[in-house]
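K.L.:
The structure file target_1.pdb (PDB, C-alpha atoms and all ligand atoms) is provided below.
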ATOM      1  CA  MET J   9      12.672   0.289  11.608
ATOM      2  CA  LYS J  10      15.032  -1.483   9.154
ATOM      3  CA  CYS J  11      15.938  -0.311   5.683
ATOM      4  CA  GLN J  12      16.722  -2.781   2.916
ATOM      5  CA  LYS J  13      18.425  -1.301  -0.097
ATOM      6  CA  GLY J  14      17.977  -2.626  -3.610
ATOM      7  CA  ASP J  15      19.174  -1.210  -6.919
ATOM      8  CA  ASP J  16      16.465   1.377  -7.211
ATOM      9  CA  PHE J  17      14.403   1.134  -4.086
ATOM     10  CA  THR J  18      14.433   1.247  -0.352
ATOM     11  CA  CYS J  19      11.950  -0.852   1.553
ATOM     12  CA  LEU J  20      11.135   0.243   5.094
ATOM     13  CA  ARG J  21      10.136  -2.504   7.509
ATOM     14  CA  SER J  22       8.908  -2.352  11.066
ATOM     15  CA  ASN J  23       8.454  -5.606  13.042
ATOM     16  CA  ASN J  24       8.751  -7.365   9.691
ATOM     17  CA  ILE J  25       5.769  -5.470   8.340
ATOM     18  CA  ILE J  26       6.553  -3.829   5.020
ATOM     19  CA  LEU J  27       5.701  -0.145   5.208
ATOM     20  CA  GLY J  28       6.829  -0.017   1.607
ATOM     21  CA  LEU J  29       8.535   3.321   1.055
ATOM     22  CA  ILE J  30      10.058   2.879  -2.358
ATOM     23  CA  GLN J  31      12.359   5.528  -3.721
ATOM     24  CA  PHE J  32      13.029   5.545  -7.413
ATOM     25  CA  THR J  33      16.175   7.032  -8.853
ATOM     26  CA  ARG J  34      16.103  10.440 -10.549
ATOM     27  CA  GLY J  35      16.477   8.598 -13.870
ATOM     28  CA  ASP J  36      12.954   7.228 -13.408
ATOM     29  CA  MET J  37      11.389  10.660 -13.062
ATOM     30  CA  SER J  38      10.039  12.973 -15.750
ATOM     31  CA  ASP J  39      11.907  16.145 -16.731
ATOM     32  CA  ASP J  40       9.370  18.253 -14.829
ATOM     33  CA  ALA J  41       9.738  16.329 -11.580
ATOM     34  CA  GLU J  42      12.390  18.598 -10.102
ATOM     35  CA  LEU J  43       9.998  21.541 -10.375
ATOM     36  CA  THR J  44       6.625  19.951  -9.618
ATOM     37  CA  SER J  45       7.720  17.842  -6.631
ATOM     38  CA  TYR J  46       6.990  19.439  -3.273
ATOM     39  CA  ASP J  47      10.546  18.577  -2.194
ATOM     40  CA  SER J  48      11.559  22.143  -3.058
ATOM     41  CA  ILE J  49       9.011  23.535  -0.541
ATOM     42  CA  VAL J  50       9.575  23.766   3.212
ATOM     43  CA  ILE J  51       6.991  21.246   4.422
ATOM     44  CA  GLU J  52       5.834  23.410   7.347
ATOM     45  CA  ASP J  53       5.060  26.281   4.927
ATOM     46  CA  TYR J  54       2.930  23.976   2.770
ATOM     47  CA  LEU J  55       1.127  22.498   5.792
ATOM     48  CA  GLU J  56       0.471  25.963   7.244
ATOM     49  CA  HIS J  57      -1.086  26.960   3.913
ATOM     50  CA  VAL J  58      -3.180  23.866   3.269
ATOM     51  CA  GLU J  59      -4.090  22.528   6.727
ATOM     52  CA  ARG J  60      -5.350  25.816   8.240
ATOM     53  CA  PRO J  61      -9.081  25.409   8.975
ATOM     54  CA  PHE J  62     -10.201  27.972   6.385
ATOM     55  CA  SER J  63      -8.068  26.773   3.456
ATOM     56  CA  TRP J  64      -9.853  26.117   0.166
ATOM     57  CA  ASN J  65      -8.776  22.485   0.608
ATOM     58  CA  ASN J  66     -10.600  22.108   3.923
ATOM     59  CA  LEU J  67     -13.608  24.255   3.122
ATOM     60  CA  TYR J  68     -14.228  23.239  -0.459
ATOM     61  CA  GLU J  69     -12.007  20.694  -2.222
ATOM     62  CA  ARG J  70     -11.942  17.921   0.375
ATOM     63  CA  PRO J  71     -15.709  17.909   1.083
ATOM     64  CA  ALA J  72     -16.364  17.866  -2.685
ATOM     65  CA  VAL J  73     -14.012  14.889  -3.247
ATOM     66  CA  ILE J  74     -15.478  13.004  -0.269
ATOM     67  CA  ALA J  75     -18.998  13.562  -1.639
ATOM     68  CA  ARG J  76     -17.905  11.781  -4.846
ATOM     69  CA  LEU J  77     -16.185   8.756  -3.254
ATOM     70  CA  PRO J  78     -17.885   5.354  -3.234
ATOM     71  CA  SER J  79     -18.149   3.435   0.069
ATOM     72  CA  LEU J  80     -14.563   2.586   1.057
ATOM     73  CA  LYS J  81     -15.160  -0.085   3.699
ATOM     74  CA  GLY J  82     -13.074  -3.178   2.924
ATOM     75  CA  LYS J  83     -11.976  -1.655  -0.394
ATOM     76  CA  ASN J  84      -8.545  -1.127  -2.011
ATOM     77  CA  VAL J  85      -7.839   2.565  -2.466
ATOM     78  CA  LEU J  86      -4.989   4.234  -4.357
ATOM     79  CA  ASP J  87      -4.213   7.820  -3.274
ATOM     80  CA  THR J  88      -2.117   9.492  -5.996
ATOM     81  CA  GLY J  89      -0.282  12.715  -5.092
ATOM     82  CA  CYS J  90      -1.057  11.926  -1.468
ATOM     83  CA  ALA J  91       1.087  14.802  -0.062
ATOM     84  CA  SER J  92       0.594  14.950   3.705
ATOM     85  CA  GLY J  93      -1.965  12.144   3.480
ATOM     86  CA  PHE J  94      -5.367  13.696   4.112
ATOM     87  CA  PHE J  95      -7.205  11.228   1.839
ATOM     88  CA  THR J  96      -4.956   8.332   2.853
ATOM     89  CA  GLU J  97      -5.988   8.881   6.469
ATOM     90  CA  TYR J  98      -9.639   9.400   5.508
ATOM     91  CA  ALA J  99      -9.726   6.116   3.546
ATOM     92  CA  LEU J 100      -7.991   4.165   6.340
ATOM     93  CA  LYS J 101     -10.442   5.560   8.908
ATOM     94  CA  ASN J 102     -13.285   4.464   6.646
ATOM     95  CA  GLY J 103     -12.087   0.867   6.536
ATOM     96  CA  ALA J 104     -10.013   0.761   3.319
ATOM     97  CA  ARG J 105      -6.591  -0.675   2.556
ATOM     98  CA  VAL J 106      -4.573   2.158   1.037
ATOM     99  CA  THR J 107      -1.654   2.560  -1.335
ATOM    100  CA  ALA J 108      -0.345   6.135  -1.263
ATOM    101  CA  VAL J 109       1.984   7.546  -3.936
ATOM    102  CA  ASP J 110       3.781  10.876  -4.127
ATOM    103  CA  ILE J 111       6.871  12.040  -5.953
ATOM    104  CA  SER J 112       8.065  13.983  -2.920
ATOM    105  CA  LYS J 113      10.537  12.207  -0.657
ATOM    106  CA  VAL J 114       9.779  14.667   2.147
ATOM    107  CA  MET J 115       6.000  14.111   1.930
ATOM    108  CA  THR J 116       6.228  10.307   1.762
ATOM    109  CA  GLU J 117       8.730  10.143   4.622
ATOM    110  CA  ARG J 118       6.436  12.325   6.725
ATOM    111  CA  LEU J 119       3.534  10.026   5.920
ATOM    112  CA  VAL J 120       5.555   6.950   6.922
ATOM    113  CA  ALA J 121       6.377   8.636  10.232
ATOM    114  CA  ARG J 122       2.830   9.908  10.833
ATOM    115  CA  ILE J 123       0.587   6.953   9.957
ATOM    116  CA  LYS J 124       1.620   3.445  10.902
ATOM    117  CA  SER J 125      -0.849   0.861   9.648
ATOM    118  CA  VAL J 126      -0.543  -2.614   8.197
ATOM    119  CA  LYS J 127      -3.246  -1.498   5.778
ATOM    120  CA  LEU J 128      -1.031   1.247   4.304
ATOM    121  CA  THR J 129       1.689   0.983   1.663
ATOM    122  CA  ILE J 130       3.528   4.102   0.556
ATOM    123  CA  PHE J 131       5.517   4.628  -2.630
ATOM    124  CA  CYS J 132       7.725   7.579  -3.453
ATOM    125  CA  ALA J 133       7.354   7.675  -7.223
ATOM    126  CA  ASP J 134       6.485   9.783 -10.251
ATOM    127  CA  ILE J 135       2.899   8.957 -11.283
ATOM    128  CA  SER J 136       3.509  10.343 -14.768
ATOM    129  CA  ARG J 137       5.799   7.343 -15.385
ATOM    130  CA  PRO J 138       4.628   3.717 -15.702
ATOM    131  CA  MET J 139       3.824   2.415 -12.195
ATOM    132  CA  SER J 140       5.052  -1.167 -12.600
ATOM    133  CA  PHE J 141       5.047  -1.506  -8.792
ATOM    134  CA  LEU J 142       1.203  -1.473  -8.879
ATOM    135  CA  LYS J 143      -0.640  -4.646  -9.935
ATOM    136  CA  SER J 144      -3.344  -4.554 -12.621
ATOM    137  CA  ASN J 145      -7.066  -4.838 -11.709
ATOM    138  CA  THR J 146      -6.383  -4.213  -8.004
ATOM    139  CA  TYR J 147      -8.088  -0.994  -6.866
ATOM    140  CA  ASP J 148     -11.758  -0.231  -6.234
ATOM    141  CA  CYS J 149     -11.094   3.488  -6.086
ATOM    142  CA  VAL J 150      -8.299   5.832  -7.164
ATOM    143  CA  ILE J 151      -8.182   9.316  -5.645
ATOM    144  CA  CYS J 152      -6.416  11.910  -7.768
ATOM    145  CA  SER J 153      -6.786  15.038  -5.628
ATOM    146  CA  LEU J 154      -5.100  18.216  -6.908
ATOM    147  CA  VAL J 155      -2.221  16.401  -8.564
ATOM    148  CA  LEU J 156      -3.096  16.276 -12.287
ATOM    149  CA  HIS J 157      -2.148  19.918 -12.885
ATOM    150  CA  TYR J 158       1.480  19.028 -12.040
ATOM    151  CA  ILE J 159       1.536  16.637 -14.982
ATOM    152  CA  LYS J 160       1.794  17.685 -18.605
ATOM    153  CA  ASP J 161       0.592  14.608 -20.461
ATOM    154  CA  TRP J 162      -2.448  12.946 -18.886
ATOM    155  CA  GLU J 163      -3.020  10.176 -21.479
ATOM    156  CA  PRO J 164      -0.351   7.707 -20.227
ATOM    157  CA  LEU J 165      -1.354   8.371 -16.603
ATOM    158  CA  LEU J 166      -5.055   7.741 -17.294
ATOM    159  CA  ALA J 167      -4.079   4.508 -19.088
ATOM    160  CA  GLU J 168      -2.075   3.426 -16.009
ATOM    161  CA  LEU J 169      -4.934   4.276 -13.641
ATOM    162  CA  HIS J 170      -7.340   2.342 -15.890
ATOM    163  CA  ARG J 171      -4.953  -0.641 -15.781
ATOM    164  CA  VAL J 172      -4.728  -0.749 -11.967
ATOM    165  CA  LEU J 173      -8.473  -0.243 -11.316
ATOM    166  CA  LYS J 174     -10.821  -3.204 -11.076
ATOM    167  CA  LYS J 175     -13.746  -3.326 -13.522
ATOM    168  CA  GLY J 176     -16.392  -0.972 -12.129
ATOM    169  CA  GLY J 177     -13.753   0.854 -10.039
ATOM    170  CA  ARG J 178     -13.949   4.646  -9.751
ATOM    171  CA  LEU J 179     -11.352   7.343 -10.433
ATOM    172  CA  VAL J 180     -12.182  10.543  -8.517
ATOM    173  CA  ILE J 181     -10.318  13.611  -9.782
ATOM    174  CA  SER J 182     -10.078  17.195  -8.561
ATOM    175  CA  THR J 183      -7.951  19.676 -10.486
ATOM    176  CA  HIS J 184      -7.508  23.395 -11.111
ATOM    177  CA  HIS J 185     -10.383  24.889 -13.088
ATOM    178  CA  PRO J 186      -9.051  26.337 -16.390
ATOM    179  CA  PHE J 187     -11.309  29.411 -16.199
ATOM    180  CA  GLU J 188     -10.230  30.171 -12.624
ATOM    181  CA  MET J 189      -6.555  29.830 -13.593
ATOM    182  CA  TYR J 190      -7.014  32.173 -16.543
ATOM    183  CA  GLN J 191      -8.461  34.848 -14.270
ATOM    184  CA  TYR J 192      -6.372  34.289 -11.148
ATOM    185  CA  LEU J 193      -3.013  34.194 -12.980
ATOM    186  CA  LYS J 194      -4.078  36.890 -15.485
ATOM    187  CA  LEU J 195      -2.814  34.676 -18.307
ATOM    188  CA  PRO J 196      -2.271  36.380 -21.665
ATOM    189  CA  SER J 197      -4.530  33.779 -23.259
ATOM    190  CA  TYR J 198      -7.111  31.317 -21.924
ATOM    191  CA  TYR J 199      -5.681  28.828 -24.464
ATOM    192  CA  ASP J 200      -2.177  28.838 -22.934
ATOM    193  CA  PHE J 201      -0.907  25.341 -22.200
ATOM    194  CA  LYS J 202       2.315  25.779 -20.243
ATOM    195  CA  MET J 203       4.040  25.467 -16.904
ATOM    196  CA  VAL J 204       3.653  28.490 -14.633
ATOM    197  CA  GLU J 205       5.281  29.598 -11.404
ATOM    198  CA  ASP J 206       2.921  30.719  -8.621
ATOM    199  CA  THR J 207       3.405  31.991  -5.065
ATOM    200  CA  TRP J 208       1.277  30.474  -2.311
ATOM    201  CA  GLY J 209       0.924  31.284   1.372
ATOM    202  CA  SER J 210       1.080  35.055   0.892
ATOM    203  CA  SER J 211      -1.081  35.563   3.981
ATOM    204  CA  GLY J 212       1.196  33.284   6.041
ATOM    205  CA  PRO J 213       4.655  33.877   7.517
ATOM    206  CA  ARG J 214       6.671  32.502   4.541
ATOM    207  CA  PRO J 215       5.216  32.593   1.021
ATOM    208  CA  PHE J 216       6.596  29.830  -1.218
ATOM    209  CA  LYS J 217       6.841  29.039  -4.931
ATOM    210  CA  VAL J 218       5.023  26.232  -6.728
ATOM    211  CA  HIS J 219       5.091  25.157 -10.380
ATOM    212  CA  TYR J 220       2.189  23.591 -12.236
ATOM    213  CA  TYR J 221       0.593  23.406 -15.691
ATOM    214  CA  VAL J 222      -2.268  25.543 -16.927
ATOM    215  CA  ARG J 223      -4.378  24.392 -19.875
ATOM    216  CA  PRO J 224      -7.759  25.201 -21.459
ATOM    217  CA  LEU J 225     -10.809  23.010 -20.861
ATOM    218  CA  LYS J 226     -10.394  21.174 -24.181
ATOM    219  CA  GLU J 227      -6.975  19.927 -22.984
ATOM    220  CA  VAL J 228      -8.584  18.697 -19.739
ATOM    221  CA  LEU J 229     -11.332  16.858 -21.592
ATOM    222  CA  ARG J 230      -9.387  15.502 -24.589
ATOM    223  CA  PRO J 231      -7.332  12.857 -22.664
ATOM    224  CA  ILE J 232     -10.439  11.850 -20.717
ATOM    225  CA  VAL J 233     -12.552  11.385 -23.845
ATOM    226  CA  ARG J 234      -9.679   9.435 -25.478
ATOM    227  CA  SER J 235      -9.233   7.181 -22.415
ATOM    228  CA  LYS J 236     -11.011   3.848 -21.900
ATOM    229  CA  PHE J 237     -12.989   5.253 -18.942
ATOM    230  CA  ASN J 238     -16.727   5.894 -18.814
ATOM    231  CA  ILE J 239     -17.472   9.443 -17.707
ATOM    232  CA  ILE J 240     -19.745   9.470 -14.635
ATOM    233  CA  SER J 241     -19.681  13.202 -13.864
ATOM    234  CA  ILE J 242     -17.886  16.480 -14.547
ATOM    235  CA  ASP J 243     -18.808  19.079 -11.935
ATOM    236  CA  GLU J 244     -18.266  22.637 -10.734
ATOM    237  CA  PRO J 245     -19.805  22.252  -7.251
ATOM    238  CA  LEU J 246     -20.819  25.274  -5.204
ATOM    239  CA  PRO J 247     -19.326  25.745  -1.732
ATOM    240  CA  THR J 248     -21.103  24.093   1.206
ATOM    241  CA  LYS J 249     -23.288  25.684   3.933
ATOM    242  CA  GLU J 250     -20.432  25.069   6.391
ATOM    243  CA  CYS J 251     -18.182  27.169   4.171
ATOM    244  CA  LYS J 252     -20.742  30.004   4.261
ATOM    245  CA  GLU J 253     -20.880  29.903   8.059
ATOM    246  CA  LEU J 254     -17.142  29.492   8.682
ATOM    247  CA  ALA J 255     -15.673  31.707   5.969
ATOM    248  CA  PRO J 256     -18.198  34.032   4.242
ATOM    249  CA  GLU J 257     -15.466  35.694   2.135
ATOM    250  CA  VAL J 258     -14.293  32.366   0.713
ATOM    251  CA  TYR J 259     -17.955  31.401   0.149
ATOM    252  CA  LYS J 260     -18.658  34.635  -1.747
ATOM    253  CA  ARG J 261     -15.623  34.134  -3.981
ATOM    254  CA  LEU J 262     -16.488  30.502  -4.725
ATOM    255  CA  MET J 263     -20.115  31.440  -5.500
ATOM    256  CA  GLU J 264     -18.812  33.776  -8.233
ATOM    257  CA  ARG J 265     -16.013  31.677  -9.777
ATOM    258  CA  PRO J 266     -15.429  27.920  -9.844
ATOM    259  CA  GLY J 267     -12.381  26.958  -7.746
ATOM    260  CA  PHE J 268     -11.683  23.470  -9.000
ATOM    261  CA  LEU J 269     -13.072  20.979 -11.480
ATOM    262  CA  PHE J 270     -14.278  17.581 -10.197
ATOM    263  CA  ILE J 271     -14.415  14.555 -12.487
ATOM    264  CA  VAL J 272     -15.548  11.000 -11.736
ATOM    265  CA  LEU J 273     -14.640   8.192 -14.170
ATOM    266  CA  GLU J 274     -15.419   4.471 -14.106
ATOM    267  CA  LYS J 275     -13.580   1.503 -15.578
TER     268      LYS J 275
HETATM  269  C1  LIG L   1      -1.608  19.849  -3.827
HETATM  270  S1  LIG L   1      -0.734  18.444  -3.307
HETATM  271  C2  LIG L   1      -1.991  17.206  -3.253
HETATM  272  C3  LIG L   1      -2.942  17.416  -2.112
HETATM  273  C4  LIG L   1      -3.378  16.140  -1.455
HETATM  274  N1  LIG L   1      -4.030  15.242  -2.399
HETATM  275  C5  LIG L   1      -4.279  16.450  -0.261
HETATM  276  O1  LIG L   1      -5.439  16.137  -0.309
HETATM  277  O2  LIG L   1      -3.780  17.007   0.695
HETATM  278  C6  LIG L   1       0.118  17.933  -4.750
HETATM  279  C7  LIG L   1       1.065  16.739  -4.508
HETATM  280  O3  LIG L   1       1.377  16.178  -5.777
HETATM  281  C8  LIG L   1       2.715  15.723  -5.747
HETATM  282  N2  LIG L   1       3.185  15.553  -7.116
HETATM  283  C9  LIG L   1       3.506  16.509  -8.027
HETATM  284  N3  LIG L   1       3.914  15.933  -9.187
HETATM  285  C10 LIG L   1       3.836  14.574  -8.993
HETATM  286  C11 LIG L   1       4.133  13.447  -9.800
HETATM  287  N4  LIG L   1       4.567  13.594 -11.052
HETATM  288  N5  LIG L   1       3.982  12.208  -9.273
HETATM  289  C12 LIG L   1       3.529  12.041  -7.995
HETATM  290  N6  LIG L   1       3.229  13.080  -7.181
HETATM  291  C13 LIG L   1       3.376  14.334  -7.673
HETATM  292  C14 LIG L   1       3.455  16.802  -4.953
HETATM  293  O4  LIG L   1       4.705  16.335  -4.452
HETATM  294  C15 LIG L   1       2.417  17.129  -3.869
HETATM  295  O5  LIG L   1       2.651  16.370  -2.700
END
So that I can check it, write out the structure of this file as structure tokens.
P.N.:
Amino acid sequence: MKCQKGDDFTCLRSNNIILGLIQFTRGDMSDDAELTSYDSIVIEDYLEHVERPFSWNNLYERPAVIARLPSLKGKNVLDTGCASGFFTEYALKNGARVTAVDISKVMTERLVARIKSVKLTIFCADISRPMSFLKSNTYDCVICSLVLHYIKDWEPLLAELHRVLKKGGRLVISTHHPFEMYQYLKLPSYYDFKMVEDTWGSSGPRPFKVHYYVRPLKEVLRPIVRSKFNIISIDEPLPTKECKELAPEVYKRLMERPGFLFIVLEK
């Protein structure tokens, strides 16, 4: 694999195929990036937490996102906040060409090493900044799975995602549910809009810290209503039958309180 260095990017090539890992300089990242990027987390700790069979991601979030995706065969898909690449891999397996973006150098490098496909391009970049490396009117579907809560201001990001989607293209979002965050973090006020520090993986060998934004529902909906998107659905889905069979405790909890919020928008 050869690396070609430019002023602000590195392009990885293998057999003259561009794998497209592009690394932007720190100057191109938002002030929050140092905290919200998963580069500060030991990758094995994150994977242990999220990839275990009974994680909320596997039992609840991923099935709910998949249920909201259009057919991906032959389509162009953008996976924003791709992390270890669950949805990137899913879209490739379902016949899509995929562009995956994440701010974390560690996550994108792992993805480059893990999935080698001419149908995959990977960018290491801050999605809260203008994504001039993505062409307008290109994508049939954008997946925004559990990444929006790392970003303070959603309006410029939604405008960018609207720009890169084709007309009729879908944006499928999952994000923390404001009511769940209020209860789980025992916030002083439901109306708090601020960055918080949380500890994940407490049941695993090495708990680790993450930073993300909490906000009330009106601050979730305001940028969406102001955007140029049509709203297709805003959902609080219940856990699946499989979740009940595999993890009754998780099922019980998710039947009482919504875990995440799922939003589908159309250009
Ligand atoms: C919870 S993970 C996403 C999970 C992933 N979609 C999946 O299905 O496995 C959040 C990811 O968002 C990334 N992230 C956080 N802030 C970001 C930003 N401003 N731009 C791009 N990626 C960001 C983190 O580095 C991390 O990899």
K.L.:
Starting from the shown file, work through the PyMOL selection byres (((chain J and resi 187) around 12) and not hetatm) and note down what comes out as JSON, numbers by chain.
P.N.:
{"J": [183, 184, 185, 186, 188, 189, 190, 191, 192, 193, 194, 195, 197, 198, 199, 200, 222, 223, 224, 225, 226, 228, 244, 264, 265, 266, 267, 268, 269]}
K.L.:
Please evaluate the PyMOL selection byres (((chain J and resi 56-69) around 9) and not hetatm) against the displayed coordinates and give the resulting residues as an MDAnalysis selection string.
P.N.:
chainID J and resid 51:55 70:74 153:154 182 208:213 215 245:248 250:251 254:255 258:259 262 267:268 270
K.L.:
Translate the PyMOL selection byres (((chain J and resi 88) around 12) and not hetatm) into a concrete residue list for this structure, as JSON, numbers by chain.
P.N.:
{"J": [85, 86, 87, 89, 90, 91, 92, 93, 94, 95, 96, 106, 107, 108, 109, 110, 111, 112, 116, 130, 131, 132, 133, 134, 135, 136, 139, 142, 149, 150, 151, 152, 153, 154, 155, 156, 158, 165, 166, 168, 169, 179, 180, 181, 182]}
K.L.:
Counting only C-alpha atoms and all ligand atoms, figure out which residue out of J:Leu80, J:Ile239, J:Leu119, J:Ile159 gets nearest to ligand LIG 1 (chain L).
P.N.:
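That would be J:Ile159, the residue with the smallest distance to ligand LIG 1 (chain L).
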K.L.:
Quote the spacing between CA of Ser48 (chain J) and CA of Ile271 (chain J) in Å to one decimal place.
P.N.:
28.7 Å
K.L.:
With distances taken over only C-alpha atoms and all ligand atoms, which residue among J:Met115, J:Ile49, J:Ala75, J:Leu100 lies nearest ligand LIG 1 (chain L)?
P.N.:
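So, comparing all the options, the nearest one is J:Met115.
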K.L.:
Name the closest residue to ligand LIG 1 (chain L) among the candidates J:Leu128, J:Leu229, J:Val204, J:Ala41; distances are taken between atoms, counting all atoms listed in the file.
P.N.:
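Looking at the shortest contact to ligand LIG 1 (chain L), the residue is J:Ala41.
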K.L.:
Find the axis-aligned box for ligand LIG 1 (chain L), covering all its listed atoms and adding 6 Å on each side, and write its centre and edge lengths in Å to one decimal as lines of an AutoDock Vina configuration file.
P.N.:
center_x = -0.4
center_y = 15.9
center_z = -5.2
size_x = 22.1
size_y = 19.8
size_z = 23.7
K.L.:
Looking at J:Thr44, J:Asn238, J:Ser125, J:Asn102, which one is nearest to ligand LIG 1 (chain L), with distances taken over only C-alpha atoms and all ligand atoms?
P.N.:
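The shortest atom-to-atom distance to ligand LIG 1 (chain L) comes from J:Thr44.
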K.L.:
Hey, which of J:Arg105, J:Lys160, J:Lys143, J:Arg137 ends up closest to Pro231 (chain J)? Count only C-alpha atoms.
P.N.:
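Checking each of J:Arg105, J:Lys160, J:Lys143, J:Arg137 against Pro231 (chain J), counting only C-alpha atoms, the winner is J:Lys160.
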K.L.:
So what do you get for CA of Glu42 (chain J) versus CA of Phe141 (chain J), distance-wise?
P.N.:
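Spanning CA of Glu42 (chain J) to CA of Phe141 (chain J) is a straight-line distance of 21.4 Å.
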K.L.:
If I take CA of Val218 (chain J) and CA of Lys124 (chain J), how far is one from the other in Å, to one decimal?
P.N.:
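CA of Val218 (chain J) sits 29.0 Å away from CA of Lys124 (chain J).
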K.L.:
From the list J:Arg76, J:Lys127, J:Lys260, J:Lys113, which residue is nearest Glu97 (chain J) when using all atoms listed in the file?
P.N.:
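Between J:Arg76, J:Lys127, J:Lys260, J:Lys113, the residue approaching Glu97 (chain J) most closely is J:Lys127.
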K.L.:
Using only C-alpha atoms, determine which residues lie at most 10 Å from Asp148 (chain J), disregarding the query and same-chain residues fewer than 3 positions distant; provide the list as a PyMOL selection string.
P.N.:
chain J and resi 78-80+82-86+104+145+172-179+274-275
K.L.:
Can I get the selected residues back with C-alpha atoms, as a CSV table (one decimal), in the frame of the given file?
P.N.:
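Written out: result_26.csv:
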chain,number,residue,atom,x,y,z
J,78,PRO,CA,-17.9,5.4,-3.2
J,79,SER,CA,-18.1,3.4,0.1
J,80,LEU,CA,-14.6,2.6,1.1
J,82,GLY,CA,-13.1,-3.2,2.9
J,83,LYS,CA,-12.0,-1.7,-0.4
J,84,ASN,CA,-8.5,-1.1,-2.0
J,85,VAL,CA,-7.8,2.6,-2.5
J,86,LEU,CA,-5.0,4.2,-4.4
J,104,ALA,CA,-10.0,0.8,3.3
J,145,ASN,CA,-7.1,-4.8,-11.7
J,172,VAL,CA,-4.7,-0.7,-12.0
J,173,LEU,CA,-8.5,-0.2,-11.3
J,174,LYS,CA,-10.8,-3.2,-11.1
J,175,LYS,CA,-13.7,-3.3,-13.5
J,176,GLY,CA,-16.4,-1.0,-12.1
J,177,GLY,CA,-13.8,0.9,-10.0
J,178,ARG,CA,-13.9,4.6,-9.8
J,179,LEU,CA,-11.4,7.3,-10.4
J,274,GLU,CA,-15.4,4.5,-14.1
J,275,LYS,CA,-13.6,1.5,-15.6
K.L.:
Complete region 79-94 of chain J with N, CA and C atoms (output as a PDB file, in the coordinates of the input).
P.N.:
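As written to disk, part12.pdb reads:
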ATOM      1  N   SER J  79     -18.415   3.977  -1.275  1.00  0.00           N
ATOM      2  CA  SER J  79     -18.149   3.435   0.069  1.00  0.00           C
ATOM      3  C   SER J  79     -16.759   2.772   0.047  1.00  0.00           C
ATOM      4  N   LEU J  80     -15.948   3.057   1.075  1.00  0.00           N
ATOM      5  CA  LEU J  80     -14.563   2.586   1.057  1.00  0.00           C
ATOM      6  C   LEU J  80     -14.328   1.383   1.970  1.00  0.00           C
ATOM      7  N   LYS J  81     -15.329   0.996   2.704  1.00  0.00           N
ATOM      8  CA  LYS J  81     -15.160  -0.085   3.699  1.00  0.00           C
ATOM      9  C   LYS J  81     -14.724  -1.388   3.008  1.00  0.00           C
ATOM     10  N   GLY J  82     -13.580  -1.908   3.459  1.00  0.00           N
ATOM     11  CA  GLY J  82     -13.074  -3.178   2.924  1.00  0.00           C
ATOM     12  C   GLY J  82     -12.527  -3.066   1.510  1.00  0.00           C
ATOM     13  N   LYS J  83     -12.389  -1.837   0.999  1.00  0.00           N
ATOM     14  CA  LYS J  83     -11.976  -1.655  -0.394  1.00  0.00           C
ATOM     15  C   LYS J  83     -10.474  -1.334  -0.500  1.00  0.00           C
ATOM     16  N   ASN J  84      -9.936  -1.510  -1.715  1.00  0.00           N
ATOM     17  CA  ASN J  84      -8.545  -1.127  -2.011  1.00  0.00           C
ATOM     18  C   ASN J  84      -8.550   0.256  -2.635  1.00  0.00           C
ATOM     19  N   VAL J  85      -7.848   1.180  -1.991  1.00  0.00           N
ATOM     20  CA  VAL J  85      -7.839   2.565  -2.466  1.00  0.00           C
ATOM     21  C   VAL J  85      -6.410   2.970  -2.825  1.00  0.00           C
ATOM     22  N   LEU J  86      -6.281   3.668  -3.957  1.00  0.00           N
ATOM     23  CA  LEU J  86      -4.989   4.234  -4.357  1.00  0.00           C
ATOM     24  C   LEU J  86      -5.089   5.751  -4.255  1.00  0.00           C
ATOM     25  N   ASP J  87      -4.209   6.359  -3.445  1.00  0.00           N
ATOM     26  CA  ASP J  87      -4.213   7.820  -3.274  1.00  0.00           C
ATOM     27  C   ASP J  87      -2.993   8.370  -4.006  1.00  0.00           C
ATOM     28  N   THR J  88      -3.236   8.998  -5.184  1.00  0.00           N
ATOM     29  CA  THR J  88      -2.117   9.492  -5.996  1.00  0.00           C
ATOM     30  C   THR J  88      -1.872  10.970  -5.673  1.00  0.00           C
ATOM     31  N   GLY J  89      -0.602  11.347  -5.519  1.00  0.00           N
ATOM     32  CA  GLY J  89      -0.282  12.715  -5.092  1.00  0.00           C
ATOM     33  C   GLY J  89      -0.799  12.922  -3.682  1.00  0.00           C
ATOM     34  N   CYS J  90      -0.448  11.974  -2.815  1.00  0.00           N
ATOM     35  CA  CYS J  90      -1.057  11.926  -1.468  1.00  0.00           C
ATOM     36  C   CYS J  90      -0.595  13.078  -0.577  1.00  0.00           C
ATOM     37  N   ALA J  91       0.528  13.700  -0.875  1.00  0.00           N
ATOM     38  CA  ALA J  91       1.087  14.802  -0.062  1.00  0.00           C
ATOM     39  C   ALA J  91       1.114  14.403   1.420  1.00  0.00           C
ATOM     40  N   SER J  92       0.509  15.241   2.271  1.00  0.00           N
ATOM     41  CA  SER J  92       0.594  14.950   3.705  1.00  0.00           C
ATOM     42  C   SER J  92      -0.380  13.850   4.135  1.00  0.00           C
ATOM     43  N   GLY J  93      -1.204  13.359   3.214  1.00  0.00           N
ATOM     44  CA  GLY J  93      -1.965  12.144   3.480  1.00  0.00           C
ATOM     45  C   GLY J  93      -3.382  12.351   3.981  1.00  0.00           C
ATOM     46  N   PHE J  94      -3.997  13.483   3.636  1.00  0.00           N
ATOM     47  CA  PHE J  94      -5.367  13.696   4.112  1.00  0.00           C
ATOM     48  C   PHE J  94      -6.297  12.563   3.657  1.00  0.00           C
TER      49      PHE J  94
END
